[in-house]
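Dumped data-v1.txt below, it's compact mmCIF, C-alpha atoms and all ligand atoms:
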```
# COMPACT_ATOMS: atom_id res chain seq x y z
CA MET A 39 0.00 0.00 0.00
CA SER A 40 1.33 3.41 -0.90
CA GLU A 41 1.97 5.86 1.95
CA ALA A 42 -0.28 8.41 0.23
CA LEU A 43 -3.23 6.10 0.67
CA VAL A 44 -3.10 5.84 4.43
CA LEU A 45 -4.17 8.43 6.97
CA ASN A 46 -1.76 11.24 7.73
CA GLU A 47 -1.03 12.57 11.23
CA GLN A 48 -3.54 15.38 11.05
CA GLU A 49 -6.35 13.16 9.83
CA THR A 50 -5.53 10.59 12.52
CA ALA A 51 -5.49 13.27 15.25
CA GLU A 52 -8.82 14.73 14.11
CA ILE A 53 -10.48 11.32 13.94
CA LEU A 54 -9.20 10.28 17.36
CA ALA A 55 -10.34 13.61 18.83
CA ALA A 56 -13.84 13.05 17.38
CA ALA A 57 -13.91 9.45 18.63
CA GLY A 58 -12.84 10.66 22.09
CA HIS A 59 -16.21 12.36 22.51
CA TYR A 60 -18.05 9.04 22.63
CA PRO A 61 -17.88 6.00 24.92
CA ASN A 62 -17.96 3.85 21.78
CA LYS A 63 -15.54 5.00 19.06
CA SER A 64 -17.79 3.75 16.27
CA ALA A 65 -20.29 6.51 17.17
CA ALA A 66 -17.85 8.90 15.45
CA SER A 67 -17.96 7.00 12.16
CA VAL A 68 -19.84 9.61 10.09
CA GLU A 69 -17.69 12.39 11.57
CA ALA A 70 -14.53 10.41 10.78
CA LEU A 71 -15.60 9.82 7.18
CA LYS A 72 -16.35 13.54 6.81
CA ILE A 73 -12.89 14.39 8.18
CA VAL A 74 -11.29 12.21 5.52
CA GLN A 75 -13.51 13.69 2.85
CA LYS A 76 -12.63 17.23 3.95
CA HIS A 77 -8.94 16.44 3.45
CA ARG A 78 -9.09 14.18 0.40
CA GLY A 79 -12.37 14.91 -1.35
CA TRP A 80 -13.47 11.25 -1.18
CA VAL A 81 -12.93 8.05 0.81
CA SER A 82 -10.96 5.27 -0.87
CA ASP A 83 -11.15 1.60 0.22
CA GLU A 84 -7.63 1.77 1.68
CA VAL A 85 -8.38 4.87 3.73
CA LEU A 86 -11.70 3.42 4.85
CA LYS A 87 -9.83 0.39 6.21
CA SER A 88 -7.48 2.66 8.18
CA VAL A 89 -10.39 4.68 9.59
CA ALA A 90 -12.21 1.46 10.56
CA GLY A 91 -9.08 0.35 12.42
CA LEU A 92 -8.99 3.60 14.40
CA LEU A 93 -12.65 3.25 15.33
CA ASP A 94 -12.41 -0.44 16.28
CA MET A 95 -14.81 -1.35 13.49
CA SER A 96 -14.55 -3.79 10.61
CA PRO A 97 -14.13 -2.20 7.15
CA ASP A 98 -17.48 -3.74 6.17
CA GLU A 99 -19.27 -2.09 9.09
CA LEU A 100 -17.78 1.30 8.24
CA ASP A 101 -18.52 0.80 4.54
CA GLY A 102 -22.15 0.18 5.53
CA VAL A 103 -22.22 3.56 7.28
CA ALA A 104 -20.59 5.26 4.28
CA THR A 105 -23.08 3.68 1.89
CA PHE A 106 -26.05 4.68 4.03
CA TYR A 107 -24.85 8.25 4.46
CA ASN A 108 -24.97 9.44 0.87
CA LEU A 109 -22.90 12.58 1.39
CA VAL A 110 -19.80 10.42 1.75
CA PHE A 111 -18.19 9.92 -1.64
CA ARG A 112 -16.61 6.50 -2.19
CA ARG A 113 -15.23 7.38 -5.62
CA PRO A 114 -13.10 10.30 -6.77
CA VAL A 115 -15.17 13.41 -7.40
CA GLY A 116 -14.54 16.85 -8.85
CA GLU A 117 -13.69 19.99 -6.91
CA ASN A 118 -17.38 20.96 -6.83
CA VAL A 119 -19.95 18.21 -6.38
CA ILE A 120 -23.38 19.32 -7.53
CA LEU A 121 -26.02 17.18 -5.84
CA CYS A 122 -29.30 17.14 -7.74
CA CYS A 123 -32.29 16.14 -5.64
CA ASP A 124 -34.36 13.66 -7.63
CA SER A 125 -37.07 12.89 -5.09
CA VAL A 126 -40.73 13.53 -5.76
CA SER A 127 -41.24 17.22 -4.91
CA CYS A 128 -38.18 18.32 -6.83
CA TRP A 129 -39.05 16.01 -9.71
CA MET A 130 -42.57 17.47 -9.92
CA LEU A 131 -41.20 21.00 -10.00
CA GLY A 132 -38.69 20.51 -12.78
CA ALA A 133 -35.60 18.80 -11.35
CA ASP A 134 -35.19 16.93 -14.67
CA ARG A 135 -35.00 20.16 -16.65
CA ILE A 136 -32.44 21.56 -14.23
CA ARG A 137 -30.30 18.44 -14.41
CA GLU A 138 -30.50 18.44 -18.22
CA ARG A 139 -29.42 22.07 -18.32
CA LEU A 140 -26.50 21.32 -15.99
CA SER A 141 -25.52 18.31 -18.10
CA GLN A 142 -25.67 20.41 -21.23
CA ARG A 143 -23.57 23.22 -19.74
CA LEU A 144 -20.98 20.91 -18.17
CA GLY A 145 -20.94 18.24 -20.88
CA ILE A 146 -21.41 15.42 -18.38
CA GLY A 147 -24.22 13.16 -17.22
CA LEU A 148 -25.19 12.18 -13.69
CA GLY A 149 -22.40 10.31 -11.93
CA GLU A 150 -19.75 11.89 -14.17
CA THR A 151 -16.95 14.40 -13.60
CA THR A 152 -15.81 17.06 -16.07
CA ALA A 153 -12.48 16.39 -17.77
CA ASP A 154 -10.89 19.31 -15.93
CA GLY A 155 -11.97 17.87 -12.58
CA ARG A 156 -13.98 20.97 -11.68
CA TYR A 157 -17.46 19.46 -11.39
CA THR A 158 -19.21 16.20 -10.59
CA LEU A 159 -22.96 15.76 -10.98
CA LEU A 160 -24.63 13.33 -8.62
CA PRO A 161 -28.24 12.48 -7.80
CA ILE A 162 -29.37 12.62 -4.19
CA VAL A 163 -32.53 11.73 -2.34
CA CYS A 164 -34.72 14.34 -0.66
CA LEU A 165 -32.67 17.03 1.06
CA GLY A 166 -35.53 17.98 3.37
CA ALA A 167 -36.32 21.26 1.61
CA CYS A 168 -39.34 20.07 -0.40
CA ASP A 169 -41.25 23.30 0.23
CA ARG A 170 -38.47 25.10 -1.62
CA ALA A 171 -38.11 22.57 -4.44
CA PRO A 172 -36.38 22.11 -6.74
CA VAL A 173 -33.10 22.18 -4.88
CA LEU A 174 -29.41 21.60 -5.55
CA MET A 175 -26.61 21.29 -3.03
CA VAL A 176 -22.91 22.06 -3.40
CA GLY A 177 -20.77 21.48 -0.31
CA ASP A 178 -22.74 22.98 2.59
CA GLU A 179 -24.71 25.34 0.34
CA LEU A 180 -28.32 24.52 -0.43
CA TYR A 181 -29.81 26.25 -3.49
CA GLU A 182 -33.59 26.51 -3.30
CA ASP A 183 -36.27 27.25 -5.90
CA VAL A 184 -33.72 26.64 -8.63
CA ASP A 185 -34.76 27.78 -12.07
CA GLU A 186 -33.09 26.27 -15.13
CA SER A 187 -32.84 29.70 -16.74
CA LYS A 188 -30.49 30.69 -13.90
CA ILE A 189 -28.10 27.75 -14.22
CA ASP A 190 -25.44 29.88 -15.95
CA GLU A 191 -25.59 32.34 -13.07
CA PHE A 192 -25.41 29.48 -10.57
CA LEU A 193 -22.32 28.01 -12.25
CA LYS A 194 -20.56 31.38 -12.25
CA ARG A 195 -20.31 31.14 -8.45
CA TYR A 196 -17.97 28.22 -8.97
CA GLY A 197 -16.32 29.31 -12.16
FE1 LIG B 201 -36.17 17.56 -3.17
FE2 LIG B 201 -37.43 17.03 -0.86
S1 LIG B 201 -37.86 16.27 -2.84
S2 LIG B 201 -35.83 18.45 -1.23
```
Translate the structure of the given file into structure tokens.
Amino acid sequence: MSEALVLNEQETAEILAAAGHYPNKSAASVEALKIVQKHRGWVSDEVLKSVAGLLDMSPDELDGVATFYNLVFRRPVGENVILCCDSVSCWMLGADRIRERLSQRLGIGLGETTADGRYTLLPIVCLGACDRAPVLMVGDELYEDVDESKIDEFLKRYG
């Protein structure tokens, strides 16, 4: 295994500090995965194994958490991950048109990353903002009442 694939000192310290807040280290699993993602952008299998070791969990158990929590990326993603809600309220209010416009502007489909590594488009289930549908999310930013005619303006924030 290459050194670059395992946790560095800072990541290890942050994960252990998070785990120290709980009687059972595994309670910090989502936090630990987010720490890795903050530093690396995504969570590889090798890194997941190291994190599981720190939290006294099996890699399979931690992978289960990562799979359930769909804001943890298990594959490389672009610098800006645009999450397109595809649940019912957003779908009814035009989420498909918004996603098509994004695909057209970026030249990628859902699940793909632009060649320059700037953007990844991913679907996501309901983000809990149905009364403000359709919504997109990038990082911690939630974009509500998105209108496909304003996609160019939206992308400028990241361009
Ligand atoms: Fe999109 Fe709920 S359906 S936020």
Exercise. Residues at most 8 Å from range 161-174 of chain A, counting only C-alpha atoms, excluding those fewer than 6 positions away in the same chain, as a PyMOL selection string?
Worked result: chain A and resi 108+120-129+131-133+148-149+180-185
Exercise. Of the candidates A:Val110, A:Met175, A:Leu86, A:Ala66, which one gets nearest to ligand LIG 201 (chain B) if we count only C-alpha atoms and all ligand atoms?
Worked result: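 Smallest separation from ligand LIG 201 (chain B) among the options: A:Met175.
Put simply, CA of Glu179 in chain A is 14.3 Å away from atom FE1 of ligand LIG 201 (chain B).
If you measure from each of A:Pro61, A:Gly155, A:Gly145, A:Gly177 to Leu93 in chain A using all atoms listed in the file, the closest one turns out to be A:Pro61.
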For this session: Find the distance between CA of Met95 in chain A and CA of Ala51 in chain A and write it in Å to one decimal.
Result: 17.4 Å
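Every protein, DNA or RNA residue with an atom at most 12 Å from Asp190 in chain A, where only C-alpha atoms count and chain neighbours fewer than 2 positions away do not, is listed here: Ile136, Arg139, Leu140, Ser141, Gln142, Arg143, Leu144, Val184, Asp185, Glu186, Ser187, Lys188, Phe192, Leu193, Lys194, Arg195, Tyr196 and Gly197 of chain A.
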Please write the residues from the selection above to a file, keeping C-alpha atoms, as a JSON list (two decimals), in the coordinates of the input.
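Result written to result03.json:
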```json
[["chain", "number", "residue", "atom", "x", "y", "z"],
["A", 136, "ILE", "CA", -32.44, 21.56, -14.23],
["A", 139, "ARG", "CA", -29.42, 22.07, -18.32],
["A", 140, "LEU", "CA", -26.50, 21.32, -15.99],
["A", 141, "SER", "CA", -25.52, 18.31, -18.10],
["A", 142, "GLN", "CA", -25.67, 20.41, -21.23],
["A", 143, "ARG", "CA", -23.57, 23.22, -19.74],
["A", 144, "LEU", "CA", -20.98, 20.91, -18.17],
["A", 184, "VAL", "CA", -33.72, 26.64, -8.63],
["A", 185, "ASP", "CA", -34.76, 27.78, -12.07],
["A", 186, "GLU", "CA", -33.09, 26.27, -15.13],
["A", 187, "SER", "CA", -32.84, 29.70, -16.74],
["A", 188, "LYS", "CA", -30.49, 30.69, -13.90],
["A", 192, "PHE", "CA", -25.41, 29.48, -10.57],
["A", 193, "LEU", "CA", -22.32, 28.01, -12.25],
["A", 194, "LYS", "CA", -20.56, 31.38, -12.25],
["A", 195, "ARG", "CA", -20.31, 31.14, -8.45],
["A", 196, "TYR", "CA", -17.97, 28.22, -8.97],
["A", 197, "GLY", "CA", -16.32, 29.31, -12.16]]
```
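Take CA of Ile189 in chain A and CA of Arg135 in chain A: the distance between them is 10.5 Å.
For the residues A:Ile146, A:Met130, A:Val85, A:Leu160, ranking by smallest atom-to-atom distance to ligand LIG 201 (chain B) using all atoms listed in the file places A:Met130 first.
For the choices A:Asp178, A:Asp154, A:Asp101, A:Glu138, the atom-to-atom distance to Val89 in chain A is smallest for A:Asp101 when using all atoms listed in the file.
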